[in-house]
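K.L.:
Below you'll find the structure I mean.
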Amino acid sequence: MDIKSMKNYLYWLFCQFELITCSYLMEPWEKLLFYTFNITMLVMLLYTAYIFVPLHISTAFQFFLRLVGNQHENTVSIVK
Amino acid sequence: INHIVHNGGLYKRPFNEAFEETPMLVAVLTYVGYGVLTLFGYLRDFMRQWKIEKCQNATEREEQKDFVPLYQDFENFYNRNLYMRIRDSWNRPICSVPGAKVDMMERVSHDYNWTFTYTGRVIKDVINMGSYNYLGFAQKAGTCQEAAAKVLSQYGAGVCSTRQEMGNLDKHEELEKLVARFLGVESAMAYGMGFATNSMNIPALVGKGCLILSDELNHASLVLGARLSGATIRIFKHNNMQSLEKLLKDAIVHGQPRTRRPWKKILILVEGIYSMEGSIVRLPEVIALKKKYKSYLYLDEAHSIGALGPGGRGVVEYFGLSPEDVDVMMGTFTKSFGAAGGYIGGKKELIDYLRTYSHSAVYATSLSPPVVEQIITSMKCIMGEDGTTVGKARVQQLAENTRYFRRRLKEMGFIIYGNEDSPVVPLMLYMPAKIGAFGREMLKRNIGVVVVGFPATPIIESRARFCLSAAHTKEMLDTALKEINEVGDLLQLKYSRHRLVPLLDRPFDETTYEETED
């Protein structure tokens, strides 16, 4: 029964989305237009994230590593 | 947040009024919803302009396209694109007496609410939470109906004249004496239409050179009457006595705008119960201010007469004040008495003046005789003069229903506006799609509610307004509450962040120490 309650919950979530964005009130062709637009935007966002996020994270990681590494070298030289 | 105000002992009982603030997320999402609908509205208007879609609303004729546009303003845009989508929740035809339960004609629309067709089916026994039937006098059987039927066979239905010409029946004189006795004033006068009572009598009382101080949320009839009179109108914040006092002080100190002469009259316009908010006017404070600054008070008791006070005499009795302090007591017979029309009560000189100078007395047809008899019978019933305790029982039943219903709704977690004792219960919906959804879902579950949206309320504060009645039994209220709970969970309407844990009615257990938990 977990699948069924999960499906009910997802359907309820979809109804809330419909109510908040007022697509509950739209005619079918307006709904089609609206959902197409939304899904297109979402897919583009996810694709951009997929391409660029690993690159950004590795750059940021290297930057912080270099910063910490410099600090470590500086403190080591003073102690010596 | 409950305000319990005891302003220097003016109030003999606690005054619990609450208007919970709109949660930020809900406000943002409401604007998002309206934004999406506005964009689609522009798209549809574009398609209608370029003939891609058939135009079903009113437009100017071809020859008049170059004139000043008639349908370009926001009101008409709203009407075409937002109101039409949820129009099926309003103007629903009913086909029985609007008592505690009502029969409705079922209708469907095949072109998204532009036209409706009747399926022929009648939805029976819909629990009626929308009629202003506070004391349950909207009945088709009983003493009121029998008396009205007798008078109908005696006098007929039409009067065919105005009050000043041939329309002054002995029934009207009897009614006016009864109304004066009911209210505790010297004299009263009755008119055929409640709206017209306000809009036609305020111009007779004030004119140019007078000042009207009117509440922010006054009814359209009061606003129209004030504008027609030609007096200067100043608005004070809703039920806010500091704002009213500031305006009174400024008026007395500075006088009229250009000439600095003193105002001829200062009239304060307030209502007993405000029907969109469910709030009750702070009458003791208003009367104290009125006496201090020597101005006049016009109290519109349309919703509060019969519904408040231990004897049903209205908001003056509710606060334990004397009716002599209010200069003009106005009310309607539509709500608690199950009839139609309005009245004005006050001192004898005032009412004699109004009999001659009121527009309604000179030009409007007087009340119809069976309606007058309905008012007389119901008023005698409330006062207890017909020999039974039915009236008193109804007033008490209404008070019990009010407290029970409001408490249960607050416990469930809905945002409810207004005073604890007012039988008008607004439940906040906020989002435009939920307005339509709430109306439809409640009708599916056989409960008829009134939902209110933009022009009558601010644009993000749309609400569902329940009007309780003495005719509602506890079982009906329980059924309604169960369905409201279900629909509230389905549509996620439980926005309240202050959950009151009741101490009195639940059996005490160790966990319920505090009265409020945030």
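Here, A, B, ... name the chains of the structure tokens in the order displayed, residue numbers run from 1 inside each chain, and ligands are numbered from 1 in the same displayed order.
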Any idea what's packed within 6 Å of stretch 68-82 of chain B, counting only C-alpha atoms, ignoring anything in its chain fewer than 2 positions away? Could you give it as a PyMOL selection string?

P.N.:
chain B and resi 41+84-85

K.L.:
Please produce an output containing N, CA and C atoms for each residue in the selection, written as a PDB file, in the first residue's frame.

P.N.:
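Output below, filename part.pdb:
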```
ATOM      1  N   GLY B  41      -4.426  36.438 -19.185  1.00  0.00           N
ATOM      2  CA  GLY B  41      -5.457  37.394 -19.572  1.00  0.00           C
ATOM      3  C   GLY B  41      -5.021  38.226 -20.757  1.00  0.00           C
ATOM      4  N   MET B  84     -14.758  35.462 -14.929  1.00  0.00           N
ATOM      5  CA  MET B  84     -15.461  34.496 -15.779  1.00  0.00           C
ATOM      6  C   MET B  84     -15.046  33.066 -15.489  1.00  0.00           C
ATOM      7  N   ARG B  85     -13.771  32.866 -15.086  1.00  0.00           N
ATOM      8  CA  ARG B  85     -13.296  31.497 -14.871  1.00  0.00           C
ATOM      9  C   ARG B  85     -13.931  30.848 -13.651  1.00  0.00           C
TER      10      ARG B  85
END
```

K.L.:
Write out as a VMD selection string every residue belonging to chain A that has an atom at most 6 Å from any atom of chain B, counting only C-alpha atoms.

P.N.:
chain A and resid 19 to 22

K.L.:
Show which residues sit within 9 Å of B:Pro323, as a VMD selection string. Count only C-alpha atoms, and ignore same-chain residues fewer than 2 positions away.

P.N.:
chain B and resid 183 to 185 316 to 317 321 325 to 327 329 346

K.L.:
Separation of atom CA of B:Tyr191 and atom CA of B:Arg163, in Å?

P.N.:
8.9 Å

K.L.:
Let me make sure I understand: among B:Ala18, B:Leu217, B:Met379, B:Leu25, which one has the smallest atom-to-atom distance to B:Met276 if we use only C-alpha atoms?

P.N.:
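Answer, going by the shortest atom-to-atom distance: B:Leu217.
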
K.L.:
Which neighbours of B:Asn113 fall inside 12 Å, counting only C-alpha atoms, when residues of the same chain fewer than 3 positions from it are skipped, and could you give them as an NGL selection string?

P.N.:
(:A and (25-27)) or (:B and (56-57 or 80-91 or 107-110 or 116-117 or 436))

K.L.:
Would you kindly return, as a list in words, each protein, DNA or RNA residue with an atom no farther than 8 Å from any atom of stretch 406-417 of chain B, considering only C-alpha atoms and excluding same-chain residues fewer than 2 positions away?

P.N.:
Glu17, Ala18, Phe19, Glu20, Glu277, Gly278, Ser279, Thr402, Arg403, Tyr404, Asn419, Glu420, Val425, Pro426, Leu427, Met428, Leu481, Asn485, Leu493, Lys494, Tyr495, Ser496, Arg497, His498, Arg499, Leu500, Val501 and Pro502 of chain B

K.L.:
Name the residues of stretch 217-436 of chain B that fall into strand (DSSP E or B) according to DSSP on the backbone, using the chain letters and numbers of this document, as a PyMOL selection string.

P.N.:
chain B and resi 232-236+266-271+273-274+279-280+296-300+328-332+342-346+365+416+418-419+424-428

K.L.:
Would you mind reading off the distance between atom CA of B:Ile123 and atom CA of B:Arg463, one decimal, in Å?

P.N.:
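About the pair atom CA of B:Ile123 and atom CA of B:Arg463: they are 24.3 Å apart.
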
K.L.:
Do a neighbour search on B:Met105 at 12 Å with only C-alpha atoms, toss out local chain neighbours closer than 3 positions, and write the hits as a list of chain:residue names.

P.N.:
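Surrounding residues, per the criterion: B:Asn91, B:Arg92, B:Pro93, B:Ile94, B:Cys95, B:Ser96, B:Val102, B:Val108, B:Phe116, B:Thr117, B:Tyr118, B:Thr119, B:Gly120, B:Arg121, B:Val122, B:Ile123, B:Lys124, B:Asp125, B:Val126, B:Leu443.
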
K.L.:
Can you spit out the residues from that selection as a PDB file, in the first residue's frame, using C-alpha atoms?

P.N.:
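Saved as part.pdb:
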```
ATOM      1  CA  ASN B  91     -25.692  33.693  -8.884  1.00  0.00           C
ATOM      2  CA  ARG B  92     -26.653  30.087  -8.184  1.00  0.00           C
ATOM      3  CA  PRO B  93     -30.432  29.797  -8.590  1.00  0.00           C
ATOM      4  CA  ILE B  94     -32.261  28.383  -5.586  1.00  0.00           C
ATOM      5  CA  CYS B  95     -35.738  26.977  -5.743  1.00  0.00           C
ATOM      6  CA  SER B  96     -36.952  26.778  -2.169  1.00  0.00           C
ATOM      7  CA  VAL B 102     -32.119  24.953   0.554  1.00  0.00           C
ATOM      8  CA  VAL B 108     -23.413  23.073 -16.156  1.00  0.00           C
ATOM      9  CA  PHE B 116     -24.986  27.987 -18.420  1.00  0.00           C
ATOM     10  CA  THR B 117     -27.600  25.324 -19.076  1.00  0.00           C
ATOM     11  CA  TYR B 118     -29.776  23.624 -16.493  1.00  0.00           C
ATOM     12  CA  THR B 119     -29.502  19.855 -16.336  1.00  0.00           C
ATOM     13  CA  GLY B 120     -33.006  19.738 -14.881  1.00  0.00           C
ATOM     14  CA  ARG B 121     -31.871  18.123 -11.648  1.00  0.00           C
ATOM     15  CA  VAL B 122     -32.510  19.868  -8.334  1.00  0.00           C
ATOM     16  CA  ILE B 123     -29.850  19.453  -5.639  1.00  0.00           C
ATOM     17  CA  LYS B 124     -31.945  18.946  -2.517  1.00  0.00           C
ATOM     18  CA  ASP B 125     -31.173  19.853   1.088  1.00  0.00           C
ATOM     19  CA  VAL B 126     -27.992  21.787   0.624  1.00  0.00           C
ATOM     20  CA  LEU B 443     -21.239  22.224  -3.287  1.00  0.00           C
TER      21      LEU B 443
END
```

K.L.:
Can you work out the spacing between atom CA of B:Met166 and atom CA of B:Pro369 in Å, to one decimal?

P.N.:
13.6 Å

K.L.:
From the set B:Tyr430, B:Tyr11, B:Tyr343, B:Tyr155, which residue has the shortest atom-to-atom contact distance to B:Thr457, counting only C-alpha atoms?

P.N.:
B:Tyr430
